[in-house]
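Participant: Mind having a look at this structure? Questions to follow.
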Amino acid sequence: MLKLKVAGGAELNVLTSGVSNVVQAERESEPERLRLLRALERKLLWLSAWMIHHANHVRPNRDGLKVGGHQASCASVISIMAALYFEILKPEDRLAVKPHAGPVFHAVNWLFGRQSREKLETLRQFGGIQPYPSRVKDGAEVDFSTGSVGLGVALTSFGSLVQDYVRLHGLGREAIPAGRHIAIVGDAELDEGNIYEALLEGWKHDIRNVWWVVDYNRQSLDSVVQDRLFGRIEGLFRDMGWNVVTLKYGRRLQAAFAREGGEELRRWIDDCPNSLYSALTFQGGAAWRAALLTDLGRVEGIRAIIDPLSDEELGALMTNLGGHDVATLLEAFRAQDAAGDQPTCFIAYTIKGMGLPFAGHKDNHSGLMSKEQMAIFKQEMGIRDGHEWDRFEGLDSPEAALQGFLDSVPFARTLAPEGRRLNAPMVPVPAGFPQPRVPAGRKLSTQAAFGEVLAELGRGQGEAAAIARRIVTTSPDVAVSTNLGPWVNRRGVFDRHLKNDVFRDAKLASAQRWGMSPEGQHIELGIAEQNLFLLLSALGLAHDLYGARLLPVGTVYDPFVNRGLDALIYACYQDARFMLVSTPSGLTLAPEGGQHQSVNTPLIGIAQDRLASFEPAFADELSILMRWGFEHMQKPEGSAVWLRLSTRGLEQPERRLDPAAVIAGGHWLVPPAPGARIAIAYQGPVAPEAMAAFEELRAEEPGAGLLAITSADRLHAEWLAARRKARQGDRQGFRAPSHIETLLAPLAPGAALVTVLDGHPAAHAWLGAVRGQRVVPLGVDHFGQAGDIPDLYREYGLDVDAILDACAQALLG
């Protein structure tokens, strides 16, 4: 027994090594496989606690900051992860592990031989294993990144939907069976609203093969969770068609309930407030005895249950919850496995910090064992100094038996020759990529052009057949208003079940012919934008997870990218590959008013990593960028792609473009004369105003230039990369200039740039730092209002007069 001190000097007796006579006797009668599993469960507790301790108290700390970690959060989920990884999981299953259980996850992989011992020492260190499981940083064993709580949980539902899509379209590998998608969920994560948006969407799409295992330790970061929350959780899940399995009590408590007085004991625990239960757990067996005798001492049979037990044994009995009883967990998981593919929520009652000195304390979320506490803990766990990282140190089972057990675990089998991270060949993108038909003088918006290009691909003829089969579109209830309608008419709506188009069957006139079937290639979503980006994330990982290369395209109104921004960032953090089309954008969507107009999205496009952002003005630029985007999405060094489009129709120019310049982020419509004093640069649908202002400008400044910016993001990123390279030094003493440096080179050193876009002007303000030239950036820096384009452009300084005024100001210096 440990007597350990925690914050505030309080002491707690902790059962750590199963020394209770009752517990020991029970375990000696268990089957050998279960005993070995329990030994490895104990090893996970040690390794996760030691990994965090090593990061904070052993590894040199140069800046004196707390490194952190979550020993209590790891401890509460040990039994759940042991049961899943060492008995239940199959190689084809895909998991999202709760963020704060990252050290347990790494310990599991160390026992499997899929993680190096040296890496365990690098938790939270630069270049080491991450605080929370990361697909990009932690390698192939991570199926779904977690850390932004709730999103990894919800992603398992969309992953299951994508798995069904791949299989029903015959795109996956036949040798790999369908797997379950499992989320190990911290109960506090259930406060995240995106989880319930995903639940509703999952119900609409009749998702299958999804398990969410809730680590119901009834503690969040700051406090104890409200009483009887599980009842609300259970009701919500059942309403969405989920099976709910509640695992509240372990086998020892169940046996006690079967004795005389046991029902009163059960009722007492059921009615015990979460805060009191946590406090008694922290105080230990003596406190449990006092509370039970006070409330139940006169109940017939109660004393016969508790009097023969030592304080230590009584504490072990009262904390024998279902989420800490491996046998109970295995029984429940196996039963559900045999029951079918209905999505299931397991509510597993646990204790935060189980087996550690601060178990149950409401402040234990970020608590760390002191060096003194760890020394005692190490002794009780049977760990010798210098052997802390040994695979089977401290376990009383033979190493050969333990290794044999690990080798026999179903999850230890290889999913495919390349491992858990699958491969899928690139889909060839035709050189003759579709371009919208633009007769002379025709006005066309980039949004309409996007719809025409996609519709032409949807014909699936000739070279486009291969790419058309791999494109899958999705939209949060705005498919028609973002010009996806013609594509959907050609390729259909995806549904696991065949559903006829009632309007079409009744011969009722409708522009949309949206029959639903397993062959459809558009996944229609409800209006929640978080779900859009989570689905794009799952679709954009299909090549790694399911061995099928998909080309996802998602459309959304540009201002509402902000509503799903957390999930968009999460998708990029995972390196998911997709094409985001946000349209209509800016206050150019004039009559819709400020709530449907966007200001900051160009800045998001510049700032967001693993996302190449563009805003073309004309259809020919868009066609070039869409073709490049479908290739870039598939390359190892590629990324997701974002196209910000508009509904404003512009008269299309007849010209020949250099695709490389369009992709790099900008090209001269009218190149400046050498040494020119000024140039106008525009981005997106303000092109007509910029062109008209330019024609007036060059009457006085014949050498002026007119620059079309297709991607401030690409220009900025390449410029930063060139600057970094220059700082690091080049062995040949030569640095190739970035594209924006080359573009601006003809201008005089003191020349002025007037920039204009329907978005925040800061997206262009940085251009002045490229060559030290003056910049007068025009754009929108506050919320818009309803009106027509002439009124709004005049009000917000985007019209011809505003551009000419800015040019005059710039020339005057």
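Labeling convention for the structure tokens: chains A, B, ... as they appear, residues from 1 per chain, ligands from 1 in order of appearance.
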Which neighbours of stretch 692-703 of chain A fall inside 8 Å, counting only C-alpha atoms, when residues of the same chain fewer than 3 positions from it are skipped, and could you give them as a PyMOL selection string?
Facilitator: chain A and resi 672-674+676-678+680+688-689+706+800-801+803-804+807
Participant: Selection from above, C-alpha atoms, as a JSON list (two decimals), in the first residue's frame, can you write it?
Facilitator:
[["chain", "number", "residue", "atom", "x", "y", "z"],
["A", 672, "PRO", "CA", 5.08, 47.86, -66.39],
["A", 673, "ALA", "CA", 7.77, 49.72, -68.26],
["A", 674, "PRO", "CA", 11.26, 49.45, -66.74],
["A", 676, "ALA", "CA", 7.74, 52.54, -63.76],
["A", 677, "ARG", "CA", 6.55, 54.68, -60.85],
["A", 678, "ILE", "CA", 3.28, 52.85, -60.11],
["A", 680, "ILE", "CA", -2.28, 48.58, -59.77],
["A", 688, "PRO", "CA", -13.37, 45.58, -63.84],
["A", 689, "GLU", "CA", -12.83, 48.47, -61.44],
["A", 706, "LEU", "CA", -1.66, 46.14, -64.10],
["A", 800, "VAL", "CA", -12.81, 53.37, -59.78],
["A", 801, "ASP", "CA", -12.71, 56.74, -58.02],
["A", 803, "ILE", "CA", -8.58, 53.38, -56.81],
["A", 804, "LEU", "CA", -7.63, 56.57, -58.67],
["A", 807, "CYS", "CA", -2.99, 56.19, -57.03]]
Participant: For A:His169, please output as number ranges by chain all residues within 12 Å (counting only C-alpha atoms; exclusion window: fewer than 6 positions along the same chain).
Facilitator: A: 162-163, 469-472, 494-496, 517-521, 548-550
Participant: Print the selection's residues with C-alpha atoms to a file, as an mmCIF file, in the first residue's frame.
Facilitator:
data_model
loop_
_atom_site.group_PDB
_atom_site.id
_atom_site.type_symbol
_atom_site.label_atom_id
_atom_site.label_comp_id
_atom_site.auth_asym_id
_atom_site.auth_seq_id
_atom_site.Cartn_x
_atom_site.Cartn_y
_atom_site.Cartn_z
ATOM 1 C CA VAL A 162 -16.354 7.180 -46.328
ATOM 2 C CA GLN A 163 -15.440 3.520 -45.833
ATOM 3 C CA ARG A 469 -14.999 8.414 -61.139
ATOM 4 C CA ARG A 470 -12.808 9.575 -58.253
ATOM 5 C CA ILE A 471 -14.380 12.987 -57.677
ATOM 6 C CA VAL A 472 -16.825 13.079 -54.777
ATOM 7 C CA PHE A 494 -24.788 8.886 -52.549
ATOM 8 C CA ASP A 495 -26.876 6.876 -50.127
ATOM 9 C CA ARG A 496 -26.304 3.424 -48.700
ATOM 10 C CA SER A 517 -28.172 5.304 -54.594
ATOM 11 C CA PRO A 518 -24.937 3.588 -53.541
ATOM 12 C CA GLU A 519 -23.479 4.663 -56.915
ATOM 13 C CA GLY A 520 -24.020 8.405 -56.317
ATOM 14 C CA GLN A 521 -21.011 10.704 -56.096
ATOM 15 C CA ALA A 548 -8.691 4.334 -52.404
ATOM 16 C CA ARG A 549 -7.745 7.645 -54.004
ATOM 17 C CA LEU A 550 -10.638 10.096 -53.859
#
Participant: Identify, on the basis of only C-alpha atoms, every residue whose closest approach to A:Leu200 does not exceed 12 Å; exclude the query and any residue fewer than 2 positions from it along the same chain; express the result as a PyMOL selection string.
Facilitator: chain A and resi 154+157-158+193-198+202-207+236-242+525-528+531
Participant: Generate a file of the selected residues that holds C-alpha atoms, formatted as a short mmCIF file (atom, residue, chain, number, x, y, z; two decimals), in the first residue's frame.
Facilitator:
data_model
loop_
_atom_site.label_atom_id
_atom_site.label_comp_id
_atom_site.auth_asym_id
_atom_site.auth_seq_id
_atom_site.Cartn_x
_atom_site.Cartn_y
_atom_site.Cartn_z
CA ALA A 154 -16.95 12.97 -34.70
CA SER A 157 -18.54 8.67 -37.89
CA PHE A 158 -17.54 10.33 -41.14
CA GLY A 193 -21.48 20.84 -29.89
CA ASN A 194 -19.87 19.42 -33.01
CA ILE A 195 -20.37 15.92 -31.59
CA TYR A 196 -24.14 16.31 -31.64
CA GLU A 197 -24.11 17.83 -35.12
CA ALA A 198 -22.19 14.73 -36.22
CA GLY A 202 -24.75 10.08 -38.88
CA TRP A 203 -28.41 9.25 -38.27
CA LYS A 204 -29.34 10.76 -41.65
CA HIS A 205 -26.75 8.62 -43.41
CA ASP A 206 -27.44 5.46 -41.41
CA ILE A 207 -23.81 5.01 -40.40
CA LEU A 236 -29.43 11.52 -26.96
CA PHE A 237 -27.63 8.52 -28.38
CA ARG A 238 -30.70 6.31 -28.36
CA ASP A 239 -32.68 9.03 -30.14
CA MET A 240 -30.10 8.94 -32.93
CA GLY A 241 -30.44 5.19 -33.41
CA TRP A 242 -27.43 4.14 -31.36
CA LEU A 525 -25.11 17.26 -45.73
CA GLY A 526 -27.23 19.30 -43.41
CA ILE A 527 -26.33 22.93 -42.93
CA ALA A 528 -23.70 22.45 -40.17
CA ASN A 531 -19.67 18.47 -40.60
#
Participant: Hey, what's within 9 Å of A:Ala466 if we count only C-alpha atoms and toss same-chain stuff fewer than 5 positions away? As a list of chain:residue names, please?
Facilitator: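 Using only C-alpha atoms, the neighbours found are A:Val427, A:Pro428, A:Val429, A:Pro430, A:Gly460, A:Gln461.
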Participant: Write to file, as an mmCIF file, in the first residue's frame, the residues of the selection just made, with C-alpha atoms.
Facilitator:
data_model
loop_
_atom_site.group_PDB
_atom_site.id
_atom_site.type_symbol
_atom_site.label_atom_id
_atom_site.label_comp_id
_atom_site.auth_asym_id
_atom_site.auth_seq_id
_atom_site.Cartn_x
_atom_site.Cartn_y
_atom_site.Cartn_z
ATOM 1 C CA VAL A 427 -5.370 9.475 -60.551
ATOM 2 C CA PRO A 428 -4.177 10.982 -63.843
ATOM 3 C CA VAL A 429 -5.553 14.454 -64.521
ATOM 4 C CA PRO A 430 -6.164 14.987 -68.262
ATOM 5 C CA GLY A 460 -16.986 11.139 -67.790
ATOM 6 C CA GLN A 461 -15.977 11.002 -71.430
#
Participant: Step one, run DSSP on the backbone; step two, keep only residues of stretch 693-802 of chain A assigned to strand (DSSP E); then write them as a list in words.
Facilitator: Gly705, Leu706, Leu707, Ala708, Ile709, Leu747, Ala748, Pro749, Gly750, Ala751, Ala752, Leu753, Val754, Thr755, Val756, Leu757, Arg774, Val775, Val776, Pro777 and Leu778 of chain A
Participant: Please provide as number ranges by chain all residues within 12 Å of A:Gln254, with the sequence filter that same-chain residues fewer than 2 positions apart are discarded (counting only C-alpha atoms).
Facilitator: A: 247-252, 256-259, 262-263, 265-266, 317-322, 325, 328
Participant: Write out as a PyMOL selection string which residues come within 6 Å of stretch 279-282 of chain A when counting only C-alpha atoms, dropping same-chain ones fewer than 3 positions away.
Facilitator: chain A and resi 276+287-288+359-361
Participant: Suppose we keep C-alpha atoms; can you now write the selection as a PDB file, in the first residue's frame?
Facilitator:
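Result file is again.pdb:
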ATOM      1  CA  LEU A 276     -18.904  12.997  -2.950  1.00  0.00           C
ATOM      2  CA  ALA A 287     -13.616   7.413   4.578  1.00  0.00           C
ATOM      3  CA  TRP A 288     -15.691   4.922   2.599  1.00  0.00           C
ATOM      4  CA  ALA A 359      -7.257   9.501  -7.779  1.00  0.00           C
ATOM      5  CA  GLY A 360     -10.631  11.213  -7.512  1.00  0.00           C
ATOM      6  CA  HIS A 361      -9.332  14.633  -6.538  1.00  0.00           C
TER       7      HIS A 361
END
Participant: Among stretch 281-501 of chain A, which residues does DSSP mark as helix (DSSP H, G or I) when it is run on the backbone? Keep the chain and numbering as in the structure and answer as a ChimeraX atom specification.
Facilitator: /A:281-283,285-296,302-306,311-318,322-324,326-339,371-380,399-408,410-412,446-458,464-470,480-482,485-491
Participant: Write a file of the selected residues as a compact mmCIF listing (two decimals), in the first residue's frame, keeping C-alpha atoms.
Facilitator:
# COMPACT_ATOMS: atom_id res chain seq x y z
CA THR A 281 -12.18 7.89 -3.56
CA PHE A 282 -9.45 10.40 -2.85
CA GLN A 283 -9.73 9.91 0.94
CA GLY A 285 -11.06 3.08 2.56
CA ALA A 286 -11.52 4.61 6.02
CA ALA A 287 -13.62 7.41 4.58
CA TRP A 288 -15.69 4.92 2.60
CA ARG A 289 -16.31 2.89 5.77
CA ALA A 290 -17.43 5.93 7.76
CA ALA A 291 -19.81 7.10 5.05
CA LEU A 292 -21.32 3.65 4.50
CA LEU A 293 -21.82 2.94 8.19
CA THR A 294 -23.41 6.34 8.73
CA ASP A 295 -25.95 5.86 5.97
CA LEU A 296 -26.35 2.06 5.77
CA ILE A 302 -24.39 -4.45 4.98
CA ARG A 303 -21.95 -5.04 7.83
CA ALA A 304 -21.44 -8.61 6.66
CA ILE A 305 -20.26 -7.16 3.33
CA ILE A 306 -17.93 -4.47 4.62
CA ASP A 311 -9.74 -0.35 4.60
CA GLU A 312 -7.60 -1.14 1.59
CA GLU A 313 -9.93 -3.91 0.45
CA LEU A 314 -13.02 -1.79 1.01
CA GLY A 315 -11.51 1.01 -1.07
CA ALA A 316 -10.77 -1.50 -3.83
CA LEU A 317 -14.35 -2.78 -3.70
CA MET A 318 -15.98 0.66 -3.82
CA GLY A 322 -16.97 -1.22 -15.01
CA GLY A 323 -14.41 0.88 -16.86
CA HIS A 324 -11.61 -0.52 -14.68
CA VAL A 326 -11.12 -5.74 -17.92
CA ALA A 327 -13.32 -8.83 -17.74
CA THR A 328 -16.47 -6.68 -17.69
CA LEU A 329 -15.22 -4.60 -20.60
CA LEU A 330 -14.32 -7.63 -22.68
CA GLU A 331 -17.71 -9.21 -22.09
CA ALA A 332 -19.49 -6.06 -23.25
CA PHE A 333 -17.27 -5.51 -26.30
CA ARG A 334 -17.57 -9.11 -27.43
CA ALA A 335 -21.34 -9.11 -27.01
CA GLN A 336 -21.69 -6.00 -29.15
CA ASP A 337 -19.25 -7.37 -31.72
CA ALA A 338 -21.49 -10.38 -32.13
CA ALA A 339 -24.67 -8.30 -32.19
CA LYS A 371 9.82 12.82 -7.35
CA GLU A 372 9.16 11.38 -3.89
CA GLN A 373 5.79 9.99 -4.89
CA MET A 374 7.23 8.49 -8.04
CA ALA A 375 10.00 6.78 -6.06
CA ILE A 376 7.41 5.04 -3.87
CA PHE A 377 5.22 4.25 -6.88
CA LYS A 378 8.21 2.73 -8.68
CA GLN A 379 9.00 0.52 -5.71
CA GLU A 380 5.44 -0.73 -5.43
CA GLU A 399 8.65 -12.76 -20.55
CA ALA A 400 8.10 -15.54 -23.09
CA ALA A 401 4.45 -15.82 -22.06
CA LEU A 402 3.92 -12.06 -22.25
CA GLN A 403 5.59 -11.79 -25.65
CA GLY A 404 3.63 -14.78 -26.90
CA PHE A 405 0.45 -13.09 -25.77
CA LEU A 406 1.34 -9.87 -27.60
CA ASP A 407 2.22 -11.81 -30.75
CA SER A 408 -1.19 -13.52 -30.65
CA PRO A 410 -5.48 -9.79 -33.37
CA PHE A 411 -4.44 -6.15 -33.68
CA ALA A 412 -0.79 -7.22 -33.94
CA THR A 446 -16.06 32.21 -61.38
CA GLN A 447 -18.77 30.33 -59.46
CA ALA A 448 -20.68 29.58 -62.69
CA ALA A 449 -17.42 28.64 -64.41
CA PHE A 450 -16.65 26.20 -61.60
CA GLY A 451 -20.04 24.57 -62.10
CA GLU A 452 -19.49 24.27 -65.84
CA VAL A 453 -16.04 22.72 -65.48
CA LEU A 454 -17.29 20.19 -62.95
CA ALA A 455 -20.37 19.39 -65.04
CA GLU A 456 -18.15 18.74 -68.06
CA LEU A 457 -15.99 16.43 -65.98
CA GLY A 458 -19.19 14.74 -64.87
CA ALA A 464 -11.94 12.66 -68.04
CA ALA A 465 -13.44 9.25 -67.25
CA ALA A 466 -10.80 8.24 -64.70
CA ILE A 467 -10.84 11.49 -62.79
CA ALA A 468 -14.65 11.76 -62.90
CA ARG A 469 -15.00 8.41 -61.14
CA ARG A 470 -12.81 9.58 -58.25
CA VAL A 480 -27.55 24.17 -55.91
CA SER A 481 -26.63 27.71 -54.88
CA THR A 482 -22.90 26.93 -55.28
CA GLY A 485 -26.44 21.07 -59.43
CA PRO A 486 -25.37 19.97 -62.97
CA TRP A 487 -22.65 17.68 -61.52
CA VAL A 488 -25.14 16.09 -59.12
CA ASN A 489 -27.67 15.62 -61.90
CA ARG A 490 -25.07 13.63 -63.84
CA ARG A 491 -23.45 11.67 -61.02
Participant: Smallest atom-to-atom distance to A:Asn364: which of A:Gly492, A:Gly705, A:Gly69, A:Gly813, using only C-alpha atoms?
Facilitator: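 The shortest atom-to-atom distance to A:Asn364 comes from A:Gly69.
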Participant: One number please: atom CA of A:Ile523 to atom CA of A:Asp566, in Å, one decimal.
Facilitator: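 Computed distance, atom CA of A:Ile523 to atom CA of A:Asp566, equals 21.1 Å.
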Participant: Between atom CA of A:Glu141 and atom CA of A:Leu34, what is the distance, to one decimal in Å?
Facilitator: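 These two atoms are separated by 25.2 Å.
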Participant: Rank A:Leu707, A:Leu720, A:Ala808, A:Leu643 by their smallest atom-to-atom distance to A:Leu669, using only C-alpha atoms, and report the top residue only.
Facilitator: A:Leu707
